[in-house]
>>> print(open('entry_28.cif').read())   # mmCIF, C-alpha atoms
data_target
#
loop_
_atom_site.group_PDB
_atom_site.id
_atom_site.type_symbol
_atom_site.label_atom_id
_atom_site.label_comp_id
_atom_site.auth_asym_id
_atom_site.auth_seq_id
_atom_site.Cartn_x
_atom_site.Cartn_y
_atom_site.Cartn_z
ATOM 1 C CA MET P 24 0.000 0.000 0.000
ATOM 2 C CA ILE P 25 2.751 2.487 0.993
ATOM 3 C CA ARG P 26 4.773 1.542 -2.082
ATOM 4 C CA TYR P 27 1.736 2.117 -4.289
ATOM 5 C CA ILE P 28 1.138 5.578 -2.798
ATOM 6 C CA GLY P 29 4.791 6.485 -3.257
ATOM 7 C CA VAL P 30 4.842 5.399 -6.912
ATOM 8 C CA ARG P 31 1.641 7.333 -7.701
ATOM 9 C CA LEU P 32 2.955 10.481 -6.032
ATOM 10 C CA LEU P 33 6.263 10.201 -7.888
ATOM 11 C CA LEU P 34 4.395 9.856 -11.194
ATOM 12 C CA ALA P 35 2.369 12.953 -10.330
ATOM 13 C CA ILE P 36 5.457 15.143 -9.832
ATOM 14 C CA PRO P 37 6.332 15.503 -13.573
ATOM 15 C CA ALA P 38 2.697 16.318 -14.391
ATOM 16 C CA LEU P 39 2.541 19.004 -11.687
ATOM 17 C CA TRP P 40 5.874 20.467 -12.825
ATOM 18 C CA LEU P 41 4.625 20.625 -16.434
ATOM 19 C CA ILE P 42 1.391 22.335 -15.353
ATOM 20 C CA LEU P 43 3.333 24.790 -13.207
ATOM 21 C CA THR P 44 5.701 25.640 -16.059
ATOM 22 C CA MET P 45 2.955 26.026 -18.666
ATOM 23 C CA VAL P 46 0.874 28.296 -16.441
ATOM 24 C CA PHE P 47 3.934 30.419 -15.633
ATOM 25 C CA LEU P 48 4.815 30.875 -19.302
ATOM 26 C CA LEU P 49 1.227 31.533 -20.405
ATOM 27 C CA ALA P 50 0.711 34.092 -17.634
ATOM 28 C CA HIS P 51 3.766 36.034 -18.791
ATOM 29 C CA ILE P 52 2.886 35.785 -22.485
ATOM 30 C CA VAL P 53 -0.618 37.254 -22.030
ATOM 31 C CA PRO P 54 -0.604 40.988 -22.888
ATOM 32 C CA GLY P 55 -0.856 43.360 -19.958
ATOM 33 C CA ASP P 56 1.421 44.845 -17.317
ATOM 34 C CA PRO P 57 0.644 44.066 -13.654
ATOM 35 C CA ALA P 58 2.375 47.271 -12.570
ATOM 36 C CA GLN P 59 0.275 49.345 -14.975
ATOM 37 C CA GLN P 60 -2.836 47.525 -13.751
ATOM 38 C CA MET P 61 -2.033 48.261 -10.110
ATOM 39 C CA LEU P 62 -1.146 51.936 -10.563
ATOM 40 C CA GLY P 63 -3.783 52.815 -13.148
ATOM 41 C CA GLU P 64 -3.590 54.304 -16.612
ATOM 42 C CA GLY P 65 -2.601 57.767 -15.340
ATOM 43 C CA ALA P 66 0.530 56.563 -13.537
ATOM 44 C CA ARG P 67 3.913 58.037 -14.410
ATOM 45 C CA ALA P 68 6.402 55.889 -16.318
ATOM 46 C CA GLU P 69 8.938 56.258 -13.493
ATOM 47 C CA ASP P 70 6.476 54.898 -10.950
ATOM 48 C CA ILE P 71 5.627 51.959 -13.194
ATOM 49 C CA LEU P 72 9.317 51.116 -13.677
ATOM 50 C CA GLN P 73 9.918 51.361 -9.934
ATOM 51 C CA LEU P 74 7.001 49.031 -9.158
ATOM 52 C CA ARG P 75 8.142 46.551 -11.814
ATOM 53 C CA HIS P 76 11.568 46.519 -10.175
ATOM 54 C CA THR P 77 10.012 46.011 -6.731
ATOM 55 C CA LEU P 78 7.898 43.090 -7.986
ATOM 56 C CA GLY P 79 10.847 41.587 -9.867
ATOM 57 C CA LEU P 80 9.078 41.886 -13.227
ATOM 58 C CA ASP P 81 12.041 43.584 -14.869
ATOM 59 C CA LEU P 82 14.162 40.460 -14.504
ATOM 60 C CA PRO P 83 14.617 38.030 -17.420
ATOM 61 C CA ILE P 84 11.801 35.503 -17.566
ATOM 62 C CA HIS P 85 14.096 32.548 -16.860
ATOM 63 C CA VAL P 86 15.320 34.256 -13.674
ATOM 64 C CA GLN P 87 11.735 34.894 -12.590
ATOM 65 C CA TYR P 88 10.925 31.226 -13.255
ATOM 66 C CA GLU P 89 13.923 30.018 -11.253
ATOM 67 C CA ARG P 90 12.919 32.197 -8.302
ATOM 68 C CA TYR P 91 9.311 31.121 -8.467
ATOM 69 C CA PHE P 92 10.134 27.415 -8.788
ATOM 70 C CA ALA P 93 12.578 27.612 -5.864
ATOM 71 C CA GLY P 94 9.863 29.273 -3.792
ATOM 72 C CA VAL P 95 7.333 26.548 -4.660
ATOM 73 C CA LEU P 96 9.806 23.860 -3.585
ATOM 74 C CA HIS P 97 10.024 25.606 -0.208
ATOM 75 C CA GLY P 98 6.236 25.983 0.080
ATOM 76 C CA ASN P 99 6.237 29.677 -0.827
ATOM 77 C CA LEU P 100 3.835 30.569 -3.662
ATOM 78 C CA GLY P 101 4.808 34.228 -3.569
ATOM 79 C CA GLN P 102 3.004 37.468 -2.786
ATOM 80 C CA SER P 103 -0.261 38.423 -4.461
ATOM 81 C CA PHE P 104 0.077 41.645 -6.453
ATOM 82 C CA HIS P 105 -3.599 42.509 -6.035
ATOM 83 C CA PHE P 106 -4.284 41.548 -2.411
ATOM 84 C CA GLN P 107 -0.786 42.324 -1.105
ATOM 85 C CA GLU P 108 -0.919 39.112 0.941
ATOM 86 C CA PRO P 109 0.833 35.744 0.649
ATOM 87 C CA VAL P 110 -0.771 33.691 -2.112
ATOM 88 C CA THR P 111 -1.167 30.724 0.234
ATOM 89 C CA GLU P 112 -3.290 32.751 2.662
ATOM 90 C CA VAL P 113 -5.482 34.179 -0.096
ATOM 91 C CA ILE P 114 -6.079 30.730 -1.581
ATOM 92 C CA LEU P 115 -6.888 29.140 1.774
ATOM 93 C CA GLN P 116 -9.503 31.837 2.366
ATOM 94 C CA HIS P 117 -11.334 30.922 -0.859
ATOM 95 C CA TYR P 118 -10.662 27.180 -1.220
ATOM 96 C CA PRO P 119 -13.301 25.989 1.303
ATOM 97 C CA ALA P 120 -16.052 27.717 -0.711
ATOM 98 C CA THR P 121 -15.028 25.884 -3.901
ATOM 99 C CA LEU P 122 -14.808 22.527 -2.121
ATOM 100 C CA GLU P 123 -18.231 23.115 -0.582
ATOM 101 C CA LEU P 124 -19.778 23.903 -3.960
ATOM 102 C CA ALA P 125 -18.057 20.991 -5.731
ATOM 103 C CA MET P 126 -19.024 18.462 -3.041
ATOM 104 C CA VAL P 127 -22.663 19.584 -2.971
ATOM 105 C CA ALA P 128 -22.803 19.496 -6.777
ATOM 106 C CA LEU P 129 -21.323 15.983 -6.738
ATOM 107 C CA VAL P 130 -23.765 14.730 -4.100
ATOM 108 C CA VAL P 131 -26.768 16.267 -5.849
ATOM 109 C CA CYS P 132 -25.882 14.868 -9.266
ATOM 110 C CA ALA P 133 -25.108 11.423 -7.830
ATOM 111 C CA ALA P 134 -28.415 11.379 -5.934
ATOM 112 C CA ILE P 135 -30.250 12.131 -9.181
ATOM 113 C CA SER P 136 -28.213 10.356 -11.844
ATOM 114 C CA ILE P 137 -27.557 7.000 -10.144
ATOM 115 C CA PRO P 138 -31.257 6.185 -9.503
ATOM 116 C CA ALA P 139 -32.097 7.569 -12.969
ATOM 117 C CA GLY P 140 -29.470 5.361 -14.623
ATOM 118 C CA MET P 141 -30.610 2.321 -12.642
ATOM 119 C CA PHE P 142 -34.236 2.997 -13.548
ATOM 120 C CA ALA P 143 -33.386 3.416 -17.239
ATOM 121 C CA ALA P 144 -31.422 0.147 -17.240
ATOM 122 C CA ALA P 145 -34.295 -1.721 -15.551
ATOM 123 C CA LYS P 146 -36.826 -0.222 -18.015
ATOM 124 C CA ARG P 147 -34.730 -0.586 -21.131
ATOM 125 C CA ALA P 148 -36.336 0.523 -24.413
ATOM 126 C CA THR P 149 -39.440 1.882 -22.662
ATOM 127 C CA ALA P 150 -40.855 5.385 -22.354
ATOM 128 C CA ALA P 151 -39.064 5.776 -18.996
ATOM 129 C CA ASP P 152 -35.736 4.899 -20.602
ATOM 130 C CA HIS P 153 -36.325 7.426 -23.384
ATOM 131 C CA ALA P 154 -37.243 10.098 -20.820
ATOM 132 C CA VAL P 155 -33.926 9.579 -19.024
ATOM 133 C CA GLY P 156 -32.204 9.790 -22.413
ATOM 134 C CA VAL P 157 -33.794 13.181 -23.065
ATOM 135 C CA PHE P 158 -32.702 14.354 -19.608
ATOM 136 C CA THR P 159 -29.095 13.346 -20.229
ATOM 137 C CA LEU P 160 -29.130 14.922 -23.694
ATOM 138 C CA LEU P 161 -30.268 18.245 -22.247
ATOM 139 C CA GLY P 162 -27.636 18.071 -19.521
ATOM 140 C CA LEU P 163 -24.880 17.497 -22.062
ATOM 141 C CA SER P 164 -26.158 20.038 -24.596
ATOM 142 C CA VAL P 165 -26.669 23.090 -22.385
ATOM 143 C CA PRO P 166 -23.322 24.560 -21.173
ATOM 144 C CA ASN P 167 -23.087 25.937 -17.653
ATOM 145 C CA PHE P 168 -22.514 29.508 -18.860
ATOM 146 C CA ALA P 169 -25.982 29.321 -20.475
ATOM 147 C CA LEU P 170 -27.723 27.173 -17.847
ATOM 148 C CA GLY P 171 -26.661 29.408 -14.944
ATOM 149 C CA PRO P 172 -28.252 32.638 -16.213
ATOM 150 C CA LEU P 173 -31.401 30.746 -17.269
ATOM 151 C CA LEU P 174 -31.843 29.261 -13.794
ATOM 152 C CA MET P 175 -31.088 32.637 -12.245
ATOM 153 C CA LEU P 176 -33.681 34.426 -14.376
ATOM 154 C CA PHE P 177 -36.404 31.852 -13.689
ATOM 155 C CA PHE P 178 -35.932 30.894 -10.030
ATOM 156 C CA SER P 179 -34.439 34.140 -8.704
ATOM 157 C CA VAL P 180 -35.744 37.002 -10.833
ATOM 158 C CA LYS P 181 -39.128 35.664 -11.964
ATOM 159 C CA LEU P 182 -40.191 33.444 -9.037
ATOM 160 C CA GLY P 183 -38.043 34.950 -6.297
ATOM 161 C CA TRP P 184 -37.488 31.577 -4.645
ATOM 162 C CA LEU P 185 -33.690 31.567 -4.462
ATOM 163 C CA PRO P 186 -30.920 34.169 -4.023
ATOM 164 C CA VAL P 187 -29.310 35.527 -7.164
ATOM 165 C CA SER P 188 -25.727 35.323 -5.915
ATOM 166 C CA GLY P 189 -23.444 35.163 -2.917
ATOM 167 C CA ARG P 190 -22.679 32.594 -0.241
ATOM 168 C CA GLY P 191 -24.150 32.258 3.225
ATOM 169 C CA SER P 192 -27.062 29.831 3.354
ATOM 170 C CA VAL P 193 -28.237 26.540 1.877
ATOM 171 C CA ALA P 194 -30.447 28.467 -0.544
ATOM 172 C CA ASN P 195 -27.353 30.134 -2.028
ATOM 173 C CA LEU P 196 -25.960 26.697 -2.911
ATOM 174 C CA VAL P 197 -28.903 25.408 -4.938
ATOM 175 C CA LEU P 198 -28.512 27.212 -8.262
ATOM 176 C CA PRO P 199 -24.678 27.076 -8.439
ATOM 177 C CA ALA P 200 -24.663 23.372 -7.495
ATOM 178 C CA VAL P 201 -27.281 22.483 -10.116
ATOM 179 C CA THR P 202 -25.467 24.530 -12.761
ATOM 180 C CA LEU P 203 -22.114 22.968 -11.950
ATOM 181 C CA GLY P 204 -23.358 19.385 -11.650
ATOM 182 C CA ALA P 205 -25.804 19.208 -14.582
ATOM 183 C CA ALA P 206 -23.294 17.951 -17.166
ATOM 184 C CA LEU P 207 -21.776 15.463 -14.701
ATOM 185 C CA ALA P 208 -25.246 14.163 -13.815
ATOM 186 C CA ALA P 209 -25.958 13.495 -17.479
ATOM 187 C CA ILE P 210 -22.640 11.689 -18.015
ATOM 188 C CA LEU P 211 -23.033 9.680 -14.814
ATOM 189 C CA ALA P 212 -26.607 8.631 -15.623
ATOM 190 C CA ARG P 213 -25.508 7.290 -19.002
ATOM 191 C CA MET P 214 -22.543 5.490 -17.470
ATOM 192 C CA VAL P 215 -24.682 3.868 -14.768
ATOM 193 C CA ARG P 216 -27.274 2.784 -17.347
ATOM 194 C CA ALA P 217 -24.656 1.203 -19.639
ATOM 195 C CA SER P 218 -22.792 -0.515 -16.786
ATOM 196 C CA VAL P 219 -25.914 -1.904 -15.117
ATOM 197 C CA MET P 220 -27.312 -3.149 -18.438
ATOM 198 C CA GLU P 221 -24.050 -5.007 -19.034
ATOM 199 C CA GLU P 222 -24.227 -6.591 -15.580
ATOM 200 C CA LEU P 223 -27.900 -7.546 -16.008
ATOM 201 C CA ALA P 224 -26.890 -9.693 -18.981
ATOM 202 C CA SER P 225 -24.369 -11.656 -16.863
ATOM 203 C CA ASP P 226 -24.779 -15.248 -15.751
ATOM 204 C CA TYR P 227 -24.715 -14.443 -12.034
ATOM 205 C CA VAL P 228 -27.735 -12.147 -12.457
ATOM 206 C CA ARG P 229 -29.700 -14.916 -14.180
ATOM 207 C CA THR P 230 -28.704 -17.220 -11.336
ATOM 208 C CA ALA P 231 -29.864 -14.691 -8.748
ATOM 209 C CA ARG P 232 -33.214 -14.374 -10.471
ATOM 210 C CA ALA P 233 -33.511 -18.138 -10.701
ATOM 211 C CA LYS P 234 -33.064 -18.320 -6.932
ATOM 212 C CA GLY P 235 -36.154 -16.154 -6.513
ATOM 213 C CA LEU P 236 -34.543 -12.862 -5.527
ATOM 214 C CA THR P 237 -36.630 -9.750 -6.048
ATOM 215 C CA GLU P 238 -35.812 -7.399 -8.903
ATOM 216 C CA TRP P 239 -34.818 -4.753 -6.362
ATOM 217 C CA ALA P 240 -32.284 -7.131 -4.779
ATOM 218 C CA VAL P 241 -30.919 -8.141 -8.180
ATOM 219 C CA LEU P 242 -30.480 -4.516 -9.237
ATOM 220 C CA TRP P 243 -29.007 -2.968 -6.100
ATOM 221 C CA ARG P 244 -27.264 -5.847 -4.315
ATOM 222 C CA HIS P 245 -25.750 -7.513 -7.364
ATOM 223 C CA ALA P 246 -25.798 -5.543 -10.634
ATOM 224 C CA PHE P 247 -25.152 -2.078 -9.192
ATOM 225 C CA ARG P 248 -22.345 -3.182 -6.886
ATOM 226 C CA ASN P 249 -20.445 -4.749 -9.773
ATOM 227 C CA ALA P 250 -21.127 -1.697 -11.945
ATOM 228 C CA LEU P 251 -19.590 0.651 -9.386
ATOM 229 C CA ILE P 252 -16.014 0.516 -10.731
ATOM 230 C CA PRO P 253 -16.671 2.404 -13.997
ATOM 231 C CA THR P 254 -19.081 4.697 -12.140
ATOM 232 C CA LEU P 255 -16.437 5.608 -9.572
ATOM 233 C CA THR P 256 -13.965 6.207 -12.385
ATOM 234 C CA VAL P 257 -16.281 8.782 -13.936
ATOM 235 C CA ILE P 258 -16.927 10.449 -10.566
ATOM 236 C CA GLY P 259 -13.217 10.649 -9.766
ATOM 237 C CA LEU P 260 -12.246 12.041 -13.158
ATOM 238 C CA GLN P 261 -15.145 14.475 -13.303
ATOM 239 C CA PHE P 262 -14.449 15.908 -9.848
ATOM 240 C CA GLY P 263 -11.452 17.687 -11.306
ATOM 241 C CA THR P 264 -13.731 18.905 -14.091
ATOM 242 C CA LEU P 265 -16.063 20.314 -11.444
ATOM 243 C CA LEU P 266 -13.210 22.385 -10.029
ATOM 244 C CA ALA P 267 -12.327 23.678 -13.488
ATOM 245 C CA GLY P 268 -15.980 24.335 -14.341
ATOM 246 C CA ALA P 269 -16.327 26.268 -11.106
ATOM 247 C CA ILE P 270 -14.424 29.135 -12.749
ATOM 248 C CA ILE P 271 -17.460 29.979 -14.887
ATOM 249 C CA THR P 272 -20.123 29.009 -12.360
ATOM 250 C CA GLU P 273 -18.568 30.952 -9.503
ATOM 251 C CA THR P 274 -18.232 34.016 -11.711
ATOM 252 C CA ILE P 275 -21.897 33.848 -12.729
ATOM 253 C CA PHE P 276 -23.174 33.511 -9.158
ATOM 254 C CA SER P 277 -20.465 35.643 -7.470
ATOM 255 C CA TRP P 278 -19.434 32.621 -5.421
ATOM 256 C CA PRO P 279 -16.280 33.488 -3.413
ATOM 257 C CA GLY P 280 -14.225 30.443 -4.385
ATOM 258 C CA ILE P 281 -11.061 29.543 -6.262
ATOM 259 C CA GLY P 282 -12.779 29.819 -9.648
ATOM 260 C CA ARG P 283 -13.822 33.443 -9.162
ATOM 261 C CA LEU P 284 -10.443 34.162 -7.588
ATOM 262 C CA THR P 285 -8.748 32.822 -10.736
ATOM 263 C CA VAL P 286 -10.764 35.195 -12.914
ATOM 264 C CA GLN P 287 -9.843 38.099 -10.626
ATOM 265 C CA ALA P 288 -6.174 37.112 -10.865
ATOM 266 C CA ILE P 289 -6.367 37.086 -14.680
ATOM 267 C CA GLU P 290 -8.058 40.491 -14.787
ATOM 268 C CA ALA P 291 -5.485 42.001 -12.400
ATOM 269 C CA ARG P 292 -2.541 40.254 -14.131
ATOM 270 C CA ASP P 293 -1.727 38.802 -10.714
ATOM 271 C CA PHE P 294 0.754 36.163 -11.872
ATOM 272 C CA PRO P 295 1.604 34.565 -8.492
ATOM 273 C CA LEU P 296 -2.072 34.244 -7.522
ATOM 274 C CA LEU P 297 -3.059 32.796 -10.903
ATOM 275 C CA GLN P 298 -0.251 30.241 -10.753
ATOM 276 C CA GLY P 299 -1.196 29.299 -7.194
ATOM 277 C CA CYS P 300 -4.868 28.766 -8.098
ATOM 278 C CA ILE P 301 -4.078 26.528 -11.084
ATOM 279 C CA LEU P 302 -1.499 24.577 -9.082
ATOM 280 C CA LEU P 303 -4.035 23.980 -6.302
ATOM 281 C CA ILE P 304 -6.632 22.686 -8.782
ATOM 282 C CA ALA P 305 -4.018 20.334 -10.283
ATOM 283 C CA VAL P 306 -2.958 19.008 -6.860
ATOM 284 C CA THR P 307 -6.606 18.455 -5.906
ATOM 285 C CA TYR P 308 -7.142 16.530 -9.129
ATOM 286 C CA VAL P 309 -4.184 14.243 -8.338
ATOM 287 C CA VAL P 310 -5.355 13.645 -4.752
ATOM 288 C CA VAL P 311 -8.925 12.846 -5.871
ATOM 289 C CA ASN P 312 -7.695 10.313 -8.435
ATOM 290 C CA LEU P 313 -5.497 8.668 -5.804
ATOM 291 C CA ALA P 314 -8.457 8.493 -3.406
ATOM 292 C CA THR P 315 -10.578 6.960 -6.190
ATOM 293 C CA ASP P 316 -8.099 4.093 -6.520
ATOM 294 C CA PHE P 317 -8.429 3.343 -2.795
ATOM 295 C CA ILE P 318 -12.213 3.347 -3.036
ATOM 296 C CA TYR P 319 -11.891 0.740 -5.811
ATOM 297 C CA ALA P 320 -10.310 -1.669 -3.330
ATOM 298 C CA LEU P 321 -13.013 -1.012 -0.733
ATOM 299 C CA VAL P 322 -15.871 -1.550 -3.194
ATOM 300 C CA ASP P 323 -14.412 -4.533 -5.051
ATOM 301 C CA PRO P 324 -12.108 -6.911 -3.096
ATOM 302 C CA ARG P 325 -10.826 -8.251 -6.425
ATOM 303 C CA VAL P 326 -8.973 -4.976 -7.003
ATOM 304 C CA SER P 327 -5.437 -5.012 -5.628
ATOM 305 C CA LEU P 328 -3.593 -1.729 -5.233
ATOM 306 C CA GLU P 329 -0.254 -3.494 -5.348
#
>>> encode(input="entry_28.cif", output="C-alpha cells")
Amino acid sequence: MIRYIGVRLLLAIPALWLILTMVFLLAHIVPGDPAQQMLGEGARAEDILQLRHTLGLDLPIHVQYERYFAGVLHGNLGQSFHFQEPVTEVILQHYPATLELAMVALVVCAAISIPAGMFAAAKRATAADHAVGVFTLLGLSVPNFALGPLLMLFFSVKLGWLPVSGRGSVANLVLPAVTLGAALAAILARMVRASVMEELASDYVRTARAKGLTEWAVLWRHAFRNALIPTLTVIGLQFGTLLAGAIITETIFSWPGIGRLTVQAIEARDFPLLQGCILLIAVTYVVVNLATDFIYALVDPRVSLE
C-alpha cells in the first residue's frame, strides 16, 4: 500500500511540474502589465518602472521562473500583487467555498443520476428509458454559462425563490450546485445505465433471479455493486472537471471560491495568484484520483492496489 502511494505520487510530480511551467509561461505571455494595472492608466512611467523593479518583473523571464520554482519547492507561492498578501493565505480563504460547492454538486448529481441510470437500465427501451435519455441529452447540450443565467432568471428574478448570488445559506448553494453538476449528472446517468445493463446480462444475475430474488435485490445488491467501478472512475475524473468548471459558475453567481479568484487574478494580471490557483486545482485533481483508486479496493475486493 505504501509503495503504491509512493509510486503514484512520484508519477504525479512531472505532471505538476509541467502544469506549473505552462501556467507560468502563459501568464507572462498574455498581454498586460501588472504594474500598470495596479497603478492605473494615469501613472507616471517612473512609478511603473519602480514598481516593476520592486515586484521583480524587470528580470529576465528565466530568472523569474527560477525564483518562483525555488519558492514553490520551499512551500512559498509568492506574494499576491492585487491583495498584497501571501498567495497561500489568499487561496486558503477561498478554497473551502469551492470545495463546498463541488461536493454539494457531486452529491446532488449522484443522488439524481444514479437512480435515474438504474431505472433506465431496468426499463430498457421503454418510455421511462427514453425520458432519461432526453434528460441526459439536455444536460450534455446546455453549457453551464448558459444554464446558470437561465436558472437565475427563472428561479431568482421571476419566481423569487432563491438568491441571485453570494454565499451564506443553503439556498445560495442550490442554483450554483445544479449549474455545476448538470453535465456530470448526465454523463453519470448514461454510465450507470450502460454498466448496469451489461451486468444484467451476466450469468450471475440470471442465477440470482432463478433463486427467486426480487428485482430490487438483483439490481441494487448484485448488478449495481459490480457496476460501481466504472461509475467511480467517472466520478473521480469528473471531480477535477467540477473544479475547473467552477471558474465559470462561480463568476456567474459571485461565489467566493477559487474559480472566481482565478478570474480576478487574470483580470489584475496577478501572476503569483493565478499560478497558485491553477497549481491547487491540479494538486486536488491528483489527490482525488489517488483516493478513487483506494475506493476501488473497498468496493471490489478483487482490485489489488499493489
>>> residues_around(input="entry_28.cif", residues="Leu122 (chain P)", least_positions_apart="5", cutoff="9 Å", atoms="all atoms listed in the file", output="list of chain:residue names")
P:Val127, P:Leu266, P:Gly280, P:Ile281
>>> write_last_selection(input="entry_28.cif", atoms="C-alpha atoms", output="CSV table (one decimal), keeping the file's coordinate frame")
chain,number,residue,atom,x,y,z
P,127,VAL,CA,-22.7,19.6,-3.0
P,266,LEU,CA,-13.2,22.4,-10.0
P,280,GLY,CA,-14.2,30.4,-4.4
P,281,ILE,CA,-11.1,29.5,-6.3
>>> closest_residue(input="entry_28.cif", among="P:Asp316, P:Gly189, P:Leu33, P:Asp293", to="Leu78 (chain P)", atoms="only C-alpha atoms")
P:Asp293
>>> closest_residue(input="entry_28.cif", among="P:Leu48, P:Val193, P:Val180, P:Val155", to="Ile135 (chain P)", atoms="only C-alpha atoms")
P:Val155
>>> resolve_selection(input="entry_28.cif", expression="the PyMOL selection byres ((chain P and resi 259) around 12)", output="PDB file with C-alpha atoms, in the frame of the given file")
ATOM      1  CA  MET P 126     -19.024  18.462  -3.041  1.00  0.00           C
ATOM      2  CA  LEU P 129     -21.323  15.983  -6.738  1.00  0.00           C
ATOM      3  CA  LEU P 207     -21.776  15.463 -14.701  1.00  0.00           C
ATOM      4  CA  LEU P 211     -23.033   9.680 -14.814  1.00  0.00           C
ATOM      5  CA  LEU P 251     -19.590   0.651  -9.386  1.00  0.00           C
ATOM      6  CA  ILE P 252     -16.014   0.516 -10.731  1.00  0.00           C
ATOM      7  CA  PRO P 253     -16.671   2.404 -13.997  1.00  0.00           C
ATOM      8  CA  THR P 254     -19.081   4.697 -12.140  1.00  0.00           C
ATOM      9  CA  LEU P 255     -16.437   5.608  -9.572  1.00  0.00           C
ATOM     10  CA  THR P 256     -13.965   6.207 -12.385  1.00  0.00           C
ATOM     11  CA  VAL P 257     -16.281   8.782 -13.936  1.00  0.00           C
ATOM     12  CA  ILE P 258     -16.927  10.449 -10.566  1.00  0.00           C
ATOM     13  CA  LEU P 260     -12.246  12.041 -13.158  1.00  0.00           C
ATOM     14  CA  GLN P 261     -15.145  14.475 -13.303  1.00  0.00           C
ATOM     15  CA  PHE P 262     -14.449  15.908  -9.848  1.00  0.00           C
ATOM     16  CA  GLY P 263     -11.452  17.687 -11.306  1.00  0.00           C
ATOM     17  CA  THR P 264     -13.731  18.905 -14.091  1.00  0.00           C
ATOM     18  CA  LEU P 265     -16.063  20.314 -11.444  1.00  0.00           C
ATOM     19  CA  LEU P 266     -13.210  22.385 -10.029  1.00  0.00           C
ATOM     20  CA  THR P 307      -6.606  18.455  -5.906  1.00  0.00           C
ATOM     21  CA  TYR P 308      -7.142  16.530  -9.129  1.00  0.00           C
ATOM     22  CA  VAL P 309      -4.184  14.243  -8.338  1.00  0.00           C
ATOM     23  CA  VAL P 310      -5.355  13.645  -4.752  1.00  0.00           C
ATOM     24  CA  VAL P 311      -8.925  12.846  -5.871  1.00  0.00           C
ATOM     25  CA  ASN P 312      -7.695  10.313  -8.435  1.00  0.00           C
ATOM     26  CA  LEU P 313      -5.497   8.668  -5.804  1.00  0.00           C
ATOM     27  CA  ALA P 314      -8.457   8.493  -3.406  1.00  0.00           C
ATOM     28  CA  THR P 315     -10.578   6.960  -6.190  1.00  0.00           C
ATOM     29  CA  ASP P 316      -8.099   4.093  -6.520  1.00  0.00           C
ATOM     30  CA  PHE P 317      -8.429   3.343  -2.795  1.00  0.00           C
ATOM     31  CA  ILE P 318     -12.213   3.347  -3.036  1.00  0.00           C
ATOM     32  CA  TYR P 319     -11.891   0.740  -5.811  1.00  0.00           C
TER      33      TYR P 319
END
>>> resolve_selection(input="entry_28.cif", expression="the PyMOL selection byres ((chain P and resi 287) around 12)", output="VMD selection string")
chain P and resid 103 to 106 270 to 271 273 to 274 277 279 to 286 288 to 294 296 to 297 300
>>> write_last_selection(input="entry_28.cif", atoms="C-alpha atoms", output="compact mmCIF listing (two decimals), keeping the file's coordinate frame")
# COMPACT_ATOMS: atom_id res chain seq x y z
CA SER P 103 -0.26 38.42 -4.46
CA PHE P 104 0.08 41.64 -6.45
CA HIS P 105 -3.60 42.51 -6.04
CA PHE P 106 -4.28 41.55 -2.41
CA ILE P 270 -14.42 29.14 -12.75
CA ILE P 271 -17.46 29.98 -14.89
CA GLU P 273 -18.57 30.95 -9.50
CA THR P 274 -18.23 34.02 -11.71
CA SER P 277 -20.46 35.64 -7.47
CA PRO P 279 -16.28 33.49 -3.41
CA GLY P 280 -14.22 30.44 -4.38
CA ILE P 281 -11.06 29.54 -6.26
CA GLY P 282 -12.78 29.82 -9.65
CA ARG P 283 -13.82 33.44 -9.16
CA LEU P 284 -10.44 34.16 -7.59
CA THR P 285 -8.75 32.82 -10.74
CA VAL P 286 -10.76 35.20 -12.91
CA ALA P 288 -6.17 37.11 -10.86
CA ILE P 289 -6.37 37.09 -14.68
CA GLU P 290 -8.06 40.49 -14.79
CA ALA P 291 -5.48 42.00 -12.40
CA ARG P 292 -2.54 40.25 -14.13
CA ASP P 293 -1.73 38.80 -10.71
CA PHE P 294 0.75 36.16 -11.87
CA LEU P 296 -2.07 34.24 -7.52
CA LEU P 297 -3.06 32.80 -10.90
CA CYS P 300 -4.87 28.77 -8.10
>>> closest_residue(input="entry_28.cif", among="P:Ala217, P:Pro57, P:Leu96, P:Asp226", to="Ile36 (chain P)", atoms="only C-alpha atoms")
P:Leu96
>>> resolve_selection(input="entry_28.cif", expression="the PyMOL selection byres ((chain P and resi 230-243) around 12)", output="MDAnalysis selection string")
chainID P and resid 137:138 140:146 215:216 218:229 244:251
>>> atom_distance(input="entry_28.cif", atom1="CA of His117 (chain P)", atom2="CA of His51 (chain P)")
24.0 Å
>>> atom_distance(input="entry_28.cif", atom1="CA of Glu64 (chain P)", atom2="CA of Gly79 (chain P)")
20.4 Å
>>> residues_around(input="entry_28.cif", residues="Leu198 (chain P)", least_positions_apart="3", cutoff="9 Å", atoms="only C-alpha atoms", output="list of chain:residue names")
P:Gly171, P:Leu174, P:Met175, P:Phe178, P:Leu185, P:Pro186, P:Val187, P:Ser188, P:Ala194, P:Asn195, P:Val201, P:Thr202, P:Leu203, P:Phe276
>>> closest_residue(input="entry_28.cif", among="P:Leu43, P:Met61, P:Ala206, P:Val86", to="Gln107 (chain P)", atoms="all atoms listed in the file")
P:Met61
